[in-house]
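Q: Just dropping this structure here.
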Amino acid sequence: MLAAEYWRLISVSLLGGLIGFIFDQLTMGLLVGLIVYIVYHLKNIHRLSKWLMDSKTSSEPPEGKGIWFGIFNRIYALQKRNKSQKVKLASALTRFQDAASAMPDGMLILTHDGKIEWFNQATKRLLGLKSPQDIEQPLTNLIRYPAFKEFVESGYYGDDGIEILSPVNEAIIIQIRIVPYGKGKALMVARDVTRVSQLEQVRRHFVANISHELRTPLTVLTGYMETLLDDTKKPQNEWHDPMQLMYSQTTRMEGIVKDLLLLTRIENYSGTVDGDIVDVPQLIEMLLEEARMLGIDKKQALTADYDASLKLRGKREDIQSALSNLVSNAVRYTPKGGKIHMKWFADEEGAHFSVADSGVGISQMDIPRLTERFFRVDEARSRETGGTGLGLAIVKHVLNRHDGSLSIESTLGKGSQFSCNFPSSRIISDAADSQLTAKDSA
């Protein structure tokens with residue numbers, strides 16, 4: 001088709017040149033021929049522009065000859081294709097909006113600067129947003145909770161999100177999660193978790209109540225059995241071994257009840273955890289002595305490195321419980337002659353307390369479940385060592401309340417390392433007295 005257009009140009013030029021030659025005006029003839037050719041194309045360009053710009057005209061392309069026939073038809077084919085794609089996209093968007101509107105969870109799209117771009121019907125019900133007046137409004141101007149504003153502006157939304165009371169009805173508890181979406185945008189999901197929270201509260205109350213009820217009879221049983229076993233005036237009989245086993249199991253149940261009560265207290269505690277200055281180096285000294293007494297028959301090598309000036313802002317009782325659980329676990333699961341090393345230090349990410357041992361280790365498959373209540377890697381071994389299965393759950397909850405996290409590294413047969421990581425905001429340190437202290441307790 002392009003070759004034909006070249007021939008058209010050559011033909012017009014020759015015709016104009018021939019006419020000009022006849023009248024002894026060759027140059028003028030060529031110029032007139034070219035002008036005619038240009039006018040022809042300008043006319044077709046005008047028709048094309050009018051067809052594309054005038055929406056009231058027929059969608060059929062204008063008639064054309066030569067190269068313009070092909071141009072008109074190719075553009076027409078592209079128009080039809082684009083129209084088909086628009087219909088498909090519009091249909092898909094309609095289905096998405098219908099599905100989003102039918103969802104019980106609220107969905108909201110935020111722009112890069114935190115303004116509302118779109119939300120579904122459930123968001124109106126849960127958060128009280130109105131359409132269209134709330135579109136393009138900053139979300140934090142409409143939901144005025146300081147914790148929520150801090151959560152949104154932090155940019156690090158985490159896996160668990162945040163729970164707030166609904167601005168529409170404070171009896172409704174809303175879980176908010178935000179994930180990156182598209183280019184610089186974010187997708188917020190609001191879910192009504194009132195029922196789940198109520199069930200969790202019932203569970204906590206049940207555990208607390210049943211633990212309190214079990215505590216007294218267990219204490220009585222333990223006291224009587226301890227008295228009977230310690231009575232040296234009576235000779236041992238066939239009941240001695242069963243009584244010893246009963247005493248051992250009752251003591252273990254007392255430990256479970258004690259840990260359950262502690263875990264419930266930590267979960268239900270709503271006060272501040274910033275009231276105490278926790279002298280972690282002093283705690284490490286105490287933990288070394290406890291570990292030595294707990295593993296007195298194992299002759300383990302107990303060592304510690306710590307910054308004597310590095311302290312922590314938090315609740316002393318809870319911090320002590322968390323660190324003690326990690327150390328006692330290391331003692332229980334490290335064989336005779338093994339090594340246990342504690343470390344307390346700070347870096348640019350915060351403060352860290354770690355316990356490394358040369359024990360049996362943990363498989364990578366089991367590590368994610370270690371902080372579950374009563375989860376045991378080896379059921380038989382855990383019962384032999386006297387563990388309750390609640391220690392790491394306590395550690396996790398204590399760290400959560402102190403804005404910290406627990407990290408676990410382990411290799412089967414080579415040992416494990418458990419680390420408590422605290423944010424820099426909780427560090428109290430006297431740089432003038434900063435020094436690394438090493439302790440060795442064989």
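Every chain in the structure tokens has a letter given in the order shown (A, B, ...), and although residue numbers restart at 1 in each chain, ligands are simply numbered from 1 in the order shown.
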Segment 95-214 of chain A: which residues are strand (DSSP E or B) by DSSP, as a PyMOL selection string?
A: chain A and resi 106-110+115-119+138+162-165+173-181+185-192
Q: At a cut-off of 10 Å, using only C-alpha atoms, what residues contact Ile362 of chain A? Leave out same-chain residues fewer than 3 positions from it and give the result as a PyMOL selection string.
A: chain A and resi 359+365-367+370+377-378+408-416
Q: Hey, can you spit out that residue selection with N, CA and C atoms as a short mmCIF file (atom, residue, chain, number, x, y, z; two decimals), in the first residue's frame?
A:
```
data_model
loop_
_atom_site.label_atom_id
_atom_site.label_comp_id
_atom_site.auth_asym_id
_atom_site.auth_seq_id
_atom_site.Cartn_x
_atom_site.Cartn_y
_atom_site.Cartn_z
N GLY A 359 22.33 -27.83 73.87
CA GLY A 359 21.38 -28.90 74.14
C GLY A 359 20.97 -29.68 72.92
N MET A 365 10.77 -27.16 61.78
CA MET A 365 9.32 -27.31 61.64
C MET A 365 8.59 -26.96 62.94
N ASP A 366 9.24 -27.21 64.09
CA ASP A 366 8.59 -27.00 65.38
C ASP A 366 8.78 -25.58 65.93
N ILE A 367 9.77 -24.85 65.43
CA ILE A 367 10.08 -23.53 66.00
C ILE A 367 8.88 -22.57 65.97
N LEU A 370 6.53 -23.03 69.09
CA LEU A 370 7.09 -23.14 70.44
C LEU A 370 6.37 -22.27 71.46
N VAL A 377 7.83 -30.22 72.09
CA VAL A 377 8.55 -30.87 70.99
C VAL A 377 8.65 -32.36 71.26
N ASP A 378 9.02 -32.71 72.49
CA ASP A 378 9.14 -34.10 72.91
C ASP A 378 8.33 -34.27 74.19
N ILE A 408 14.23 -17.06 67.75
CA ILE A 408 14.72 -18.40 68.09
C ILE A 408 15.57 -18.93 66.96
N GLU A 409 16.76 -19.40 67.30
CA GLU A 409 17.64 -20.07 66.34
C GLU A 409 18.04 -21.41 66.94
N SER A 410 17.92 -22.46 66.14
CA SER A 410 18.23 -23.78 66.69
C SER A 410 18.62 -24.75 65.58
N THR A 411 19.48 -25.70 65.96
CA THR A 411 19.89 -26.77 65.07
C THR A 411 19.84 -28.08 65.84
N LEU A 412 19.18 -29.07 65.28
CA LEU A 412 19.05 -30.37 65.97
C LEU A 412 20.43 -30.93 66.30
N GLY A 413 20.59 -31.33 67.55
CA GLY A 413 21.83 -31.94 67.99
C GLY A 413 22.95 -30.97 68.31
N LYS A 414 22.75 -29.68 68.05
CA LYS A 414 23.82 -28.71 68.27
C LYS A 414 23.45 -27.62 69.29
N GLY A 415 22.19 -27.44 69.55
CA GLY A 415 21.80 -26.45 70.54
C GLY A 415 20.88 -25.38 69.98
N SER A 416 20.51 -24.46 70.88
CA SER A 416 19.55 -23.41 70.53
C SER A 416 19.99 -22.08 71.12
#
```
Q: Which one is closest to Ala122 of chain A: A:Asp357, A:Glu150, A:Glu60, A:Asp192? Count only C-alpha atoms.
A: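 For Ala122 of chain A, the nearest of the given residues is A:Asp192.
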Q: Can you work out which one of A:Glu290, A:Asp259, A:Asp134, A:Glu317 has the shortest atom-to-atom distance to Glu117 of chain A, counting only C-alpha atoms?
A: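 Answer, going by the shortest atom-to-atom distance: A:Asp134.
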Q: Between atom CA of Val398 of chain A and atom CA of Ser248 of chain A, what is the distance, to one decimal in Å?
A: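 Going from atom CA of Val398 of chain A over to atom CA of Ser248 of chain A, I get 28.5 Å.
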Q: Could you state the separation of atom CA of Asn400 of chain A and atom CA of Met342 of chain A in Å, given to one decimal place?
A: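 Separation of atom CA of Asn400 of chain A and atom CA of Met342 of chain A: 21.2 Å.
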Q: Pick the closest to Leu142 of chain A from A:Pro423, A:Pro104, A:Gly155, A:Pro167: which is it, counting only C-alpha atoms?
A: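 Smallest separation from Leu142 of chain A among the options: A:Pro167.
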Q: At a cut-off of 12 Å, using only C-alpha atoms, what residues contact Gly29 of chain A? Leave out same-chain residues fewer than 5 positions from it and give the result as a list in words.
A: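 Listed by chain and then number, they are Val12, Ser13, Leu14, Leu15, Gly16, Gly17, Leu18, Ile19, Gly20, Phe21, Ile22, Phe23, Asp24, Leu34, Ile35 and Val36 of chain A.
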Q: Based on the selection just made, write N, CA and C atoms of those residues as a compact mmCIF listing (two decimals), in the first residue's frame.
A:
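Once everything was written out, this is out.txt:
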```txt
# COMPACT_ATOMS: atom_id res chain seq x y z
N VAL A 12 1.41 12.13 -9.91
CA VAL A 12 0.94 13.53 -9.80
C VAL A 12 2.06 14.49 -10.21
N SER A 13 3.28 14.17 -9.75
CA SER A 13 4.42 15.05 -10.08
C SER A 13 4.69 15.05 -11.59
N LEU A 14 4.64 13.85 -12.23
CA LEU A 14 4.87 13.77 -13.67
C LEU A 14 3.78 14.49 -14.45
N LEU A 15 2.53 14.33 -13.99
CA LEU A 15 1.43 14.99 -14.69
C LEU A 15 1.56 16.51 -14.61
N GLY A 16 1.89 16.98 -13.40
CA GLY A 16 2.08 18.43 -13.25
C GLY A 16 3.27 18.92 -14.07
N GLY A 17 4.34 18.12 -14.07
CA GLY A 17 5.52 18.51 -14.85
C GLY A 17 5.23 18.52 -16.35
N LEU A 18 4.43 17.55 -16.85
CA LEU A 18 4.09 17.48 -18.26
C LEU A 18 3.28 18.71 -18.68
N ILE A 19 2.27 19.04 -17.84
CA ILE A 19 1.43 20.22 -18.15
C ILE A 19 2.30 21.48 -18.13
N GLY A 20 3.18 21.56 -17.14
CA GLY A 20 4.06 22.74 -17.07
C GLY A 20 5.01 22.79 -18.24
N PHE A 21 5.49 21.63 -18.73
CA PHE A 21 6.40 21.57 -19.87
C PHE A 21 5.71 22.06 -21.13
N ILE A 22 4.40 21.67 -21.29
CA ILE A 22 3.64 22.08 -22.46
C ILE A 22 3.54 23.60 -22.52
N PHE A 23 3.32 24.21 -21.31
CA PHE A 23 3.16 25.67 -21.27
C PHE A 23 4.48 26.36 -20.91
N ASP A 24 5.55 25.64 -21.07
CA ASP A 24 6.89 26.18 -20.81
C ASP A 24 7.03 26.69 -19.36
N LEU A 34 2.45 19.04 -6.71
CA LEU A 34 2.72 18.73 -5.28
C LEU A 34 1.67 19.36 -4.37
N ILE A 35 1.24 20.58 -4.72
CA ILE A 35 0.21 21.24 -3.90
C ILE A 35 -1.08 20.44 -3.93
N VAL A 36 -1.45 19.94 -5.11
CA VAL A 36 -2.67 19.11 -5.21
C VAL A 36 -2.54 17.86 -4.34
```
Q: What's the separation between atom CA of Phe148 of chain A and atom CA of Ile135 of chain A, in Å to one decimal place?
A: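 Separation between atom CA of Phe148 of chain A and atom CA of Ile135 of chain A: 19.0 Å.
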Q: What's the 6 Å shell around Ala186 of chain A, counting only C-alpha atoms, without same-chain residues fewer than 5 positions away, as a list in words?
A: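 My reading of the contact set: Ile109, Leu110, Val179, Pro180 and Tyr181 of chain A.
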Q: Please identify which residues in segment 174-408 of chain A DSSP calls helix (DSSP H, G or I) from the backbone, and express them as a PyMOL selection string.
A: chain A and resi 194-230+240-268+280-294+316-333+367-369+379-385+391-401
Q: Would you pick out the contacts of segment 224-226 of chain A at 9 Å or less, using only C-alpha atoms, so that residues sharing its chain but fewer than 6 positions from it are not included, and give the list as a VMD selection string?
A: chain A and resid 243 to 244 246 to 247
Q: Using only C-alpha atoms, determine which residues lie at most 12 Å from Arg125 of chain A, disregarding the query and same-chain residues fewer than 6 positions distant; provide the list as a PyMOL selection string.
A: chain A and resi 101+103-107+119+131+166-169+172+174+190-192
Q: Which polymer residues have any atom within 6 Å of an atom of segment 160-164 of chain A, counting only C-alpha atoms, with same-chain residues fewer than 4 positions away left out, as a list in words?
A: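 Residues near the query, excluding close chain neighbours: Ile173, Ile174, Gln175, Ile176 and Arg177 of chain A.
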Q: Counting only C-alpha atoms, which of A:Leu214, A:Ala99, A:Ala92, A:Leu283 gets nearest to Leu323 of chain A?
A: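 Selected residue with least distance to Leu323 of chain A: A:Leu283.
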Q: From the list A:Trp239, A:Trp51, A:Phe353, A:Phe418, which residue is nearest Tyr76 of chain A when using only C-alpha atoms?
A: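 So, comparing all the options, the nearest one is A:Trp51.
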